[in-house]
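Structure file target24.cif with mmCIF, C-alpha atoms:
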data_structure
loop_
_atom_site.label_atom_id
_atom_site.label_comp_id
_atom_site.auth_asym_id
_atom_site.auth_seq_id
_atom_site.Cartn_x
_atom_site.Cartn_y
_atom_site.Cartn_z
CA MET A 1 96.88 269.68 302.48
CA LYS A 2 96.74 266.75 300.02
CA ILE A 3 96.33 267.29 296.26
CA ALA A 4 95.32 264.83 293.54
CA LEU A 5 96.03 265.95 289.96
CA ILE A 6 94.12 264.06 287.26
CA ASN A 7 95.28 264.40 283.65
CA ASP A 8 93.62 263.04 280.50
CA HIS A 9 96.04 264.31 277.84
CA PRO A 10 99.03 262.50 276.26
CA SER A 11 102.63 263.59 276.57
CA GLY A 12 103.64 266.28 274.11
CA THR A 13 100.52 268.35 274.69
CA GLY A 14 100.29 271.63 276.57
CA ILE A 15 97.83 270.24 279.11
CA TYR A 16 100.13 267.32 279.91
CA SER A 17 103.00 269.76 280.48
CA TYR A 18 100.76 271.97 282.60
CA ASN A 19 99.90 269.07 284.91
CA TRP A 20 103.49 267.88 285.12
CA GLU A 21 104.75 271.34 286.09
CA ILE A 22 102.11 271.69 288.81
CA TYR A 23 103.03 268.22 290.10
CA ARG A 24 106.74 269.09 290.24
CA ASN A 25 105.97 272.47 291.74
CA LEU A 26 103.91 271.07 294.60
CA LEU A 27 106.49 268.37 295.32
CA GLU A 28 109.26 270.97 295.44
CA HIS A 29 107.29 272.83 298.10
CA GLY A 30 106.69 269.76 300.25
CA VAL A 31 103.00 269.30 299.41
CA GLN A 32 101.58 265.76 299.43
CA VAL A 33 100.48 265.25 295.82
CA LYS A 34 99.46 262.39 293.55
CA LEU A 35 99.37 262.50 289.74
CA TYR A 36 96.95 260.24 287.86
CA GLN A 37 97.37 259.81 284.09
CA PHE A 38 94.45 258.61 281.99
CA GLY A 39 95.31 260.02 278.57
CA GLY A 40 97.00 258.55 275.51
CA ASN A 41 97.62 259.14 271.83
CA GLY A 42 95.14 258.51 269.02
CA THR A 43 91.65 257.08 269.20
CA ALA A 44 92.62 254.50 271.83
CA GLY A 45 94.04 257.24 274.06
CA ALA A 46 90.91 259.36 273.68
CA LEU A 47 88.70 256.40 274.66
CA LYS A 48 90.96 255.68 277.63
CA SER A 49 90.61 259.26 278.85
CA VAL A 50 86.82 259.00 278.63
CA ILE A 51 86.33 255.52 280.10
CA MET A 52 89.12 254.81 282.57
CA PRO A 53 88.45 257.66 285.06
CA ARG A 54 84.87 256.39 285.27
CA ILE A 55 85.70 252.75 285.99
CA ARG A 56 88.97 253.14 287.91
CA ARG A 57 88.14 256.16 290.02
CA PRO A 58 90.66 256.21 292.87
CA ASN A 59 89.71 256.73 296.48
CA LEU A 60 90.58 260.38 297.04
CA SER A 61 88.79 261.07 300.30
CA GLY A 62 90.50 264.01 302.00
CA TYR A 63 92.23 265.16 298.81
CA ILE A 64 91.69 268.34 296.86
CA ILE A 65 91.00 267.03 293.36
CA HIS A 66 92.40 269.23 290.59
CA ILE A 67 91.41 268.21 287.07
CA SER A 68 93.14 269.42 283.95
CA ASN A 69 90.12 270.43 281.87
CA PRO A 70 86.31 270.10 281.66
CA ASN A 71 86.48 266.61 280.08
CA LEU A 72 86.92 265.19 283.58
CA GLY A 73 84.21 267.35 285.11
CA PHE A 74 81.99 264.36 285.90
CA ILE A 75 84.25 263.78 288.91
CA PRO A 76 82.45 265.63 291.73
CA GLY A 77 83.95 268.24 294.01
CA THR A 78 86.82 269.26 291.76
CA PHE A 79 89.01 272.26 291.15
CA MET A 80 88.97 272.62 287.37
CA THR A 81 91.49 274.37 285.14
CA VAL A 82 90.01 275.83 281.96
CA HIS A 83 92.72 276.48 279.38
CA ASP A 84 90.35 277.82 276.70
CA LEU A 85 86.96 277.17 275.11
CA TYR A 86 88.49 275.79 271.92
CA TYR A 87 85.53 273.66 270.88
CA LEU A 88 83.17 276.63 270.77
CA ARG A 89 85.30 277.84 267.83
CA TYR A 90 86.90 274.78 266.24
CA ARG A 91 86.45 271.04 265.92
CA SER A 92 88.94 268.19 265.68
CA ASN A 93 89.09 265.65 262.86
CA SER A 94 86.67 263.55 264.91
CA ARG A 95 83.17 265.01 265.06
CA ALA A 96 82.37 262.69 267.96
CA TRP A 97 85.36 263.91 270.01
CA SER A 98 84.52 267.53 269.22
CA TRP A 99 80.95 266.99 270.37
CA TYR A 100 82.10 265.25 273.56
CA CYS A 101 84.52 268.06 274.44
CA LYS A 102 81.99 270.77 273.70
CA MET A 103 79.33 269.04 275.80
CA SER A 104 81.85 268.75 278.65
CA TYR A 105 81.75 272.52 279.06
CA LYS A 106 78.52 272.05 281.04
CA TYR A 107 80.66 270.74 283.90
CA ILE A 108 82.44 274.08 284.29
CA ALA A 109 79.50 275.55 286.20
CA LYS A 110 79.51 272.52 288.55
CA ALA A 111 83.16 272.73 289.63
CA LYS A 112 84.03 273.60 293.22
CA MET A 113 86.38 276.24 291.80
CA VAL A 114 87.27 277.18 288.23
CA ILE A 115 90.87 278.16 287.56
CA ALA A 116 91.60 280.05 284.33
CA ASN A 117 95.09 280.10 282.87
CA SER A 118 94.83 283.78 281.89
CA HIS A 119 92.58 286.81 282.27
CA SER A 120 91.62 286.31 278.63
CA THR A 121 90.26 282.84 279.44
CA GLU A 122 88.65 284.16 282.63
CA GLU A 123 86.76 286.76 280.59
CA GLU A 124 85.77 284.23 277.93
CA VAL A 125 84.39 281.77 280.50
CA LYS A 126 82.37 284.58 282.09
CA ARG A 127 81.14 285.90 278.74
CA GLU A 128 80.24 282.57 277.14
CA LEU A 129 79.14 280.51 280.15
CA GLY A 130 78.37 283.01 282.89
CA VAL A 131 80.87 281.34 285.24
CA ASN A 132 83.39 283.15 287.44
CA ALA A 133 86.98 281.90 287.44
CA ASN A 134 90.17 282.58 289.37
CA VAL A 135 93.34 283.26 287.37
CA VAL A 136 96.42 281.15 288.12
CA TYR A 137 99.12 281.53 285.50
CA PRO A 138 101.01 278.45 284.27
CA SER A 139 104.69 278.12 285.05
CA VAL A 140 107.72 276.99 283.08
CA GLY A 141 110.28 274.64 284.52
CA PRO A 142 113.83 275.53 285.53
CA GLU A 143 115.18 273.74 282.44
CA PHE A 144 114.15 276.76 280.40
CA LYS A 145 116.93 279.24 281.02
CA ARG A 146 119.19 281.38 278.84
CA PHE A 147 122.43 279.56 279.45
CA GLY A 148 122.89 275.85 278.96
CA LYS A 149 123.35 273.23 276.30
CA ARG A 150 122.56 274.34 272.74
CA ALA A 151 121.22 271.93 270.12
CA ASP A 152 121.48 273.37 266.61
CA PRO A 153 118.36 272.01 264.88
CA TRP A 154 119.71 272.71 261.39
CA PRO A 155 123.44 273.48 261.15
CA GLY A 156 124.27 276.24 258.70
CA LYS A 157 120.68 277.54 258.59
CA LYS A 158 118.60 280.06 260.54
CA ALA A 159 116.07 277.80 262.20
CA LEU A 160 112.62 279.16 262.97
CA ILE A 161 110.98 276.91 265.53
CA HIS A 162 107.31 276.21 266.23
CA VAL A 163 106.11 274.03 269.11
CA GLY A 164 102.64 272.47 269.35
CA HIS A 165 100.40 269.90 267.71
CA ASP A 166 98.98 270.91 264.32
CA MET A 167 95.52 272.22 265.10
CA PRO A 168 93.57 274.88 263.17
CA ASN A 169 94.18 277.63 265.73
CA LYS A 170 97.97 277.12 265.54
CA ASN A 171 97.89 278.57 262.00
CA ILE A 172 100.93 276.66 260.78
CA THR A 173 100.02 276.93 257.09
CA VAL A 174 100.58 280.69 257.30
CA ILE A 175 104.05 280.08 258.75
CA LEU A 176 104.81 277.94 255.68
CA LYS A 177 103.65 280.74 253.39
CA ALA A 178 105.86 283.20 255.27
CA LEU A 179 108.82 280.80 254.99
CA LYS A 180 108.31 280.69 251.22
CA MET A 181 108.82 284.48 251.17
CA LEU A 182 112.09 284.28 253.11
CA PRO A 183 115.57 283.53 251.74
CA ASP A 184 116.61 279.89 251.58
CA SER A 185 118.88 280.43 254.59
CA TYR A 186 115.74 280.28 256.76
CA VAL A 187 114.19 276.93 257.62
CA LEU A 188 111.29 275.77 259.80
CA VAL A 189 111.64 273.18 262.56
CA ARG A 190 108.55 271.89 264.33
CA VAL A 191 108.09 269.96 267.55
CA GLY A 192 104.65 268.40 267.72
CA HIS A 193 102.31 266.19 265.71
CA ASP A 194 101.97 267.01 261.99
CA SER A 195 98.61 266.41 260.33
CA ASP A 196 98.32 264.99 256.82
CA GLY A 197 97.12 268.42 255.73
CA LEU A 198 100.27 270.09 257.00
CA ILE A 199 102.48 267.55 255.25
CA ARG A 200 100.59 268.22 252.00
CA GLY A 201 101.05 271.95 252.55
CA VAL A 202 104.81 271.53 252.81
CA SER A 203 104.76 269.60 249.53
CA ASP A 204 102.44 272.04 247.75
CA LEU A 205 104.80 274.92 248.55
CA ALA A 206 107.87 272.85 247.60
CA LEU A 207 109.36 273.35 251.06
CA GLU A 208 110.46 269.76 251.71
CA SER A 209 114.13 270.82 251.78
CA ARG A 210 113.41 273.58 254.32
CA TYR A 211 111.15 271.78 256.78
CA ARG A 212 111.78 269.30 259.57
CA ASN A 213 109.72 267.79 262.36
CA LEU A 214 111.80 266.78 265.36
CA VAL A 215 110.83 264.50 268.23
CA VAL A 216 111.87 265.87 271.62
CA ASP A 217 111.46 263.66 274.69
CA SER A 218 112.42 266.00 277.53
CA ALA A 219 112.17 269.58 278.73
CA GLU A 220 115.97 269.77 278.67
CA GLY A 221 115.97 268.72 275.03
CA LEU A 222 113.37 271.31 274.09
CA ALA A 223 115.20 274.07 275.98
CA SER A 224 118.43 273.24 274.13
CA LEU A 225 116.57 273.44 270.80
CA TYR A 226 115.22 276.87 271.71
CA ARG A 227 118.74 278.05 272.52
CA GLY A 228 120.03 276.78 269.18
CA SER A 229 117.27 278.32 267.05
CA PHE A 230 116.98 281.76 265.47
CA ALA A 231 113.44 282.62 266.66
CA LEU A 232 110.15 281.11 267.77
CA VAL A 233 107.32 281.83 265.33
CA PHE A 234 103.89 281.46 266.96
CA PRO A 235 101.12 283.27 265.01
CA SER A 236 98.14 281.60 266.69
CA LEU A 237 94.62 282.62 265.78
CA TYR A 238 93.33 281.66 269.23
CA GLU A 239 95.28 280.88 272.39
CA GLY A 240 94.25 280.58 276.02
CA PHE A 241 97.73 281.43 277.25
CA GLY A 242 100.61 280.21 275.10
CA ILE A 243 103.32 278.25 276.92
CA PRO A 244 105.85 277.93 274.04
CA PRO A 245 106.49 281.70 273.84
CA ILE A 246 107.32 281.77 277.56
CA GLU A 247 109.56 278.70 277.29
CA ALA A 248 111.35 280.33 274.37
CA MET A 249 111.73 283.67 276.17
CA ALA A 250 113.07 281.96 279.28
CA SER A 251 115.63 280.27 277.01
CA GLY A 252 116.73 283.63 275.57
CA LEU A 253 115.05 283.17 272.18
CA PRO A 254 113.22 286.09 270.48
CA VAL A 255 109.54 285.47 269.79
CA VAL A 256 107.38 286.42 266.81
CA CYS A 257 103.71 285.94 267.66
CA SER A 258 100.17 287.25 267.33
CA ASP A 259 98.39 289.04 270.14
CA ARG A 260 95.26 286.89 270.04
CA GLY A 261 93.68 285.77 273.31
CA GLY A 262 96.05 285.08 276.18
CA LEU A 263 99.15 285.88 274.13
CA LYS A 264 98.61 289.54 275.02
CA GLU A 265 99.35 288.58 278.63
CA SER A 266 102.01 285.94 278.17
CA ALA A 267 104.10 287.85 275.62
CA GLY A 268 104.01 290.89 277.87
CA GLY A 269 105.05 293.35 275.17
CA ASN A 270 108.35 291.51 274.70
CA ALA A 271 107.65 289.88 271.34
CA LEU A 272 107.35 291.06 267.75
CA ILE A 273 103.58 291.16 267.18
CA VAL A 274 102.32 290.16 263.73
CA ASN A 275 99.04 289.89 261.88
CA PRO A 276 98.49 286.10 261.99
CA GLU A 277 96.51 286.17 258.77
CA ASP A 278 99.25 287.91 256.77
CA PRO A 279 102.33 285.83 255.84
CA ARG A 280 104.14 288.98 254.72
CA SER A 281 103.78 290.43 258.22
CA ILE A 282 105.42 287.32 259.66
CA ALA A 283 108.22 287.26 257.09
CA ASP A 284 109.00 290.95 257.65
CA ALA A 285 109.14 290.44 261.42
CA VAL A 286 111.59 287.57 261.01
CA LEU A 287 113.80 289.65 258.69
CA SER A 288 113.78 292.53 261.19
CA LEU A 289 115.62 290.23 263.62
CA GLU A 290 118.71 290.62 261.45
CA ASP A 291 119.11 293.85 263.45
CA ARG A 292 121.34 292.58 266.22
CA GLY A 293 120.31 295.38 268.56
CA LEU A 294 116.65 294.46 268.23
CA TYR A 295 117.49 290.78 268.58
CA LYS A 296 119.33 291.41 271.85
CA ARG A 297 116.59 293.65 273.25
CA LEU A 298 113.97 290.98 272.62
CA SER A 299 116.19 288.27 274.07
CA ASP A 300 116.89 290.30 277.21
CA GLY A 301 113.33 291.55 277.64
CA GLY A 302 111.87 288.12 277.03
CA SER A 303 113.98 286.60 279.79
CA VAL A 304 112.73 289.21 282.25
CA ASN A 305 109.13 288.65 281.16
CA ALA A 306 109.38 284.86 281.47
CA ALA A 307 110.52 285.20 285.09
CA ARG A 308 106.95 286.21 285.97
CA PHE A 309 105.87 282.62 285.30
CA SER A 310 108.06 280.91 287.85
CA HIS A 311 107.21 277.89 289.99
CA GLU A 312 107.31 280.17 293.05
CA ASN A 313 104.70 282.60 291.72
CA GLN A 314 102.42 279.80 290.54
CA PHE A 315 102.72 277.98 293.88
CA LYS A 316 101.57 281.04 295.81
CA GLN A 317 98.56 281.43 293.54
CA LEU A 318 97.68 277.73 293.72
CA ILE A 319 97.87 277.51 297.50
CA SER A 320 95.75 280.65 297.80
CA ALA A 321 93.12 279.07 295.54
CA TYR A 322 93.18 275.67 297.26
CA SER A 323 92.92 277.28 300.71
CA SER A 324 89.96 279.46 299.82
CA VAL A 325 87.49 276.58 299.41
CA GLU A 326 86.47 274.05 302.03
CA LEU A 327 86.56 270.35 301.14
#
Please lay out the structure from this file as structure tokens.
Amino acid sequence: MKIALINDHPSGTGIYSYNWEIYRNLLEHGVQVKLYQFGGNGTAGALKSVIMPRIRRPNLSGYIIHISNPNLGFIPGTFMTVHDLYYLRYRSNSRAWSWYCKMSYKYIAKAKMVIANSHSTEEEVKRELGVNANVVYPSVGPEFKRFGKRADPWPGKKALIHVGHDMPNKNITVILKALKMLPDSYVLVRVGHDSDGLIRGVSDLALESRYRNLVVDSAEGLASLYRGSFALVFPSLYEGFGIPPIEAMASGLPVVCSDRGGLKESAGGNALIVNPEDPRSIADAVLSLEDRGLYKRLSDGGSVNAARFSHENQFKQLISAYSSVEL
């Protein structure tokens, strides 16, 4: 069995991480696999992801081609992962990119097999597009574990961490409003791109002294930040699965999140569930973690829950999917 993974997203995004983990996973299990990267940051990166796969299409005869999302669906005979149907609900700052991504959903029905990252996404693809999908959960790498190096993101403070690019569904403005309700001992640390709107929001709420954006260039670095933080706060309005909560849980960090979309499955009842539209709900959940007994129960339970999303479990599901369809 030979697998070709084709990715069109830049580093730092969930889809990039998803592809990288599958690549590592297959290599660890002795599978012949190639990883092709066509994505990049900004407008130039978006154009590269659209144009380059069309003009530099590699010869993949005899390979199972697994693409990372519908944007690459023009490549025939592919296994396609659908992470969510984001562009049916939201648009990016670029109307043209939003239109392109939304139009790419037509390729979902043409894939050799559709893989959904959660049962929530499976149901959405069936409901919205009439297409059946097979669920294969993402995995988190072995770097995310309870014991290891700790990086204190803000010495002397209780650091709430959020991971992910600033997009409307991530609901980061509500986290800022919740932070404003908390004592000054709490601060917010983000890993991921900040939009101009988010930076203005920090200023409007006079939170400049309680907010940081950190650049992390490795899974080990992110895992150490999780271990050194007080809690992950992740009140998404819409989420296909939600990798950061599982990374945080695997690292022993309590999670405060919504139960929208795939978060119901990934959190597994081991997080403090909040109303993502109510900053007070988020602030109260954070304050409840001052109860050391509750903090420990969430840390312990989260680690057990995260173990469900191991490389081994994902590998079994992937091989089952790959083997079920003839080339």
Q: For the file shown, report as a PyMOL selection string the outcome of the PyMOL selection byres ((chain A and resi 37) around 7) at residue level.
A: chain A and resi 6-8+35-36+38-39
(Q) Please enumerate the residues selected by the PyMOL selection byres ((chain A and resi 284-297) around 12) when evaluated against the supplied file, formatted as a ChimeraX atom specification. (A) /A:158-161,175,178-179,181-183,185-188,230-235,249,252-258,269-276,278-283,298-305
Q. For Ser209 of chain A, which residue among A:Arg24, A:Trp154, A:Ala250, A:Ser104 is the nearest when counting all atoms listed in the file?
A.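 Looking at the shortest contact to Ser209 of chain A, the residue is A:Trp154.
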Q | Contact residues around Val135 of chain A with only C-alpha atoms at 8 Å, ignoring same-chain residues under 6 positions, as a list in words | A | Ile115, Ala116, Asn117, Ser118, His119 and Glu122 of chain A
Q.
So the first atom is atom CA of Arg95 of chain A and the second is atom CA of Asp196 of chain A; what is the distance between them in Å, to one decimal place?
A.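 According to the coordinates, atom CA of Arg95 of chain A and atom CA of Asp196 of chain A are separated by 17.2 Å.
Of the listed residues A:Thr81, A:Ile55, A:Gly201, A:Ala4, the one whose atoms come nearest to Gln32 of chain A is A:Ala4, with distances taken using all atoms listed in the file.
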Name the residues that the PyMOL selection byres ((chain A and resi 238) around 12) picks from the file above, as a short mmCIF file (atom, residue, chain, number, x, y, z; two decimals) with C-alpha atoms, in the coordinates of the input, using the file's chain letters and numbers.
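The resulting expr_6.cif:
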data_model
loop_
_atom_site.label_atom_id
_atom_site.label_comp_id
_atom_site.auth_asym_id
_atom_site.auth_seq_id
_atom_site.Cartn_x
_atom_site.Cartn_y
_atom_site.Cartn_z
CA HIS A 83 92.72 276.48 279.38
CA ASP A 84 90.35 277.82 276.70
CA LEU A 85 86.96 277.17 275.11
CA TYR A 86 88.49 275.79 271.92
CA TYR A 87 85.53 273.66 270.88
CA LEU A 88 83.17 276.63 270.77
CA ARG A 89 85.30 277.84 267.83
CA TYR A 90 86.90 274.78 266.24
CA SER A 120 91.62 286.31 278.63
CA THR A 121 90.26 282.84 279.44
CA GLU A 124 85.77 284.23 277.93
CA MET A 167 95.52 272.22 265.10
CA PRO A 168 93.57 274.88 263.17
CA ASN A 169 94.18 277.63 265.73
CA LYS A 170 97.97 277.12 265.54
CA ASN A 171 97.89 278.57 262.00
CA PHE A 234 103.89 281.46 266.96
CA PRO A 235 101.12 283.27 265.01
CA SER A 236 98.14 281.60 266.69
CA LEU A 237 94.62 282.62 265.78
CA GLU A 239 95.28 280.88 272.39
CA GLY A 240 94.25 280.58 276.02
CA PHE A 241 97.73 281.43 277.25
CA GLY A 242 100.61 280.21 275.10
CA CYS A 257 103.71 285.94 267.66
CA SER A 258 100.17 287.25 267.33
CA ASP A 259 98.39 289.04 270.14
CA ARG A 260 95.26 286.89 270.04
CA GLY A 261 93.68 285.77 273.31
CA GLY A 262 96.05 285.08 276.18
CA LEU A 263 99.15 285.88 274.13
CA LYS A 264 98.61 289.54 275.02
CA PRO A 276 98.49 286.10 261.99
CA GLU A 277 96.51 286.17 258.77
#
**Q.** Top pick for closest residue to His311 of chain A, considering A:Leu72, A:Val140, A:Met80, A:Met52 and counting all atoms listed in the file
**A.**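 For His311 of chain A, the nearest of the given residues is A:Val140.
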Contacts of segment 10-20 of chain A within 9 Å, only C-alpha atoms, excl. fewer than 6 positions in-chain, as a PDB file with C-alpha atoms, keeping the file's coordinate frame:
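File result24.pdb, as written:
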ATOM      1  CA  LEU A  35      99.370 262.500 289.740  1.00  0.00           C
ATOM      2  CA  GLN A  37      97.370 259.810 284.090  1.00  0.00           C
ATOM      3  CA  PHE A  38      94.450 258.610 281.990  1.00  0.00           C
ATOM      4  CA  GLY A  39      95.310 260.020 278.570  1.00  0.00           C
ATOM      5  CA  GLY A  40      97.000 258.550 275.510  1.00  0.00           C
ATOM      6  CA  ASN A  41      97.620 259.140 271.830  1.00  0.00           C
ATOM      7  CA  GLY A  45      94.040 257.240 274.060  1.00  0.00           C
ATOM      8  CA  ILE A  67      91.410 268.210 287.070  1.00  0.00           C
ATOM      9  CA  SER A  68      93.140 269.420 283.950  1.00  0.00           C
ATOM     10  CA  ASN A  69      90.120 270.430 281.870  1.00  0.00           C
ATOM     11  CA  HIS A  83      92.720 276.480 279.380  1.00  0.00           C
ATOM     12  CA  PRO A 138     101.010 278.450 284.270  1.00  0.00           C
ATOM     13  CA  SER A 139     104.690 278.120 285.050  1.00  0.00           C
ATOM     14  CA  VAL A 140     107.720 276.990 283.080  1.00  0.00           C
ATOM     15  CA  GLY A 164     102.640 272.470 269.350  1.00  0.00           C
ATOM     16  CA  HIS A 165     100.400 269.900 267.710  1.00  0.00           C
ATOM     17  CA  VAL A 191     108.090 269.960 267.550  1.00  0.00           C
ATOM     18  CA  GLY A 192     104.650 268.400 267.720  1.00  0.00           C
ATOM     19  CA  HIS A 193     102.310 266.190 265.710  1.00  0.00           C
ATOM     20  CA  VAL A 216     111.870 265.870 271.620  1.00  0.00           C
ATOM     21  CA  ASP A 217     111.460 263.660 274.690  1.00  0.00           C
ATOM     22  CA  GLY A 242     100.610 280.210 275.100  1.00  0.00           C
ATOM     23  CA  ILE A 243     103.320 278.250 276.920  1.00  0.00           C
ATOM     24  CA  PRO A 244     105.850 277.930 274.040  1.00  0.00           C
TER      25      PRO A 244
END
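Using only C-alpha atoms, the nearest neighbour of His162 of chain A within the list A:Val33, A:Val131, A:Leu225, A:Ile319 is A:Leu225.
Taking atom CA of Pro76 of chain A as the reference point, atom CA of Gln317 of chain A is found at 22.6 Å.
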(Q) Using all atoms listed in the file, can you tell me which of A:Val174, A:Arg146, A:Leu198, A:Asp184 comes closest to Ser224 of chain A? (A) A:Arg146
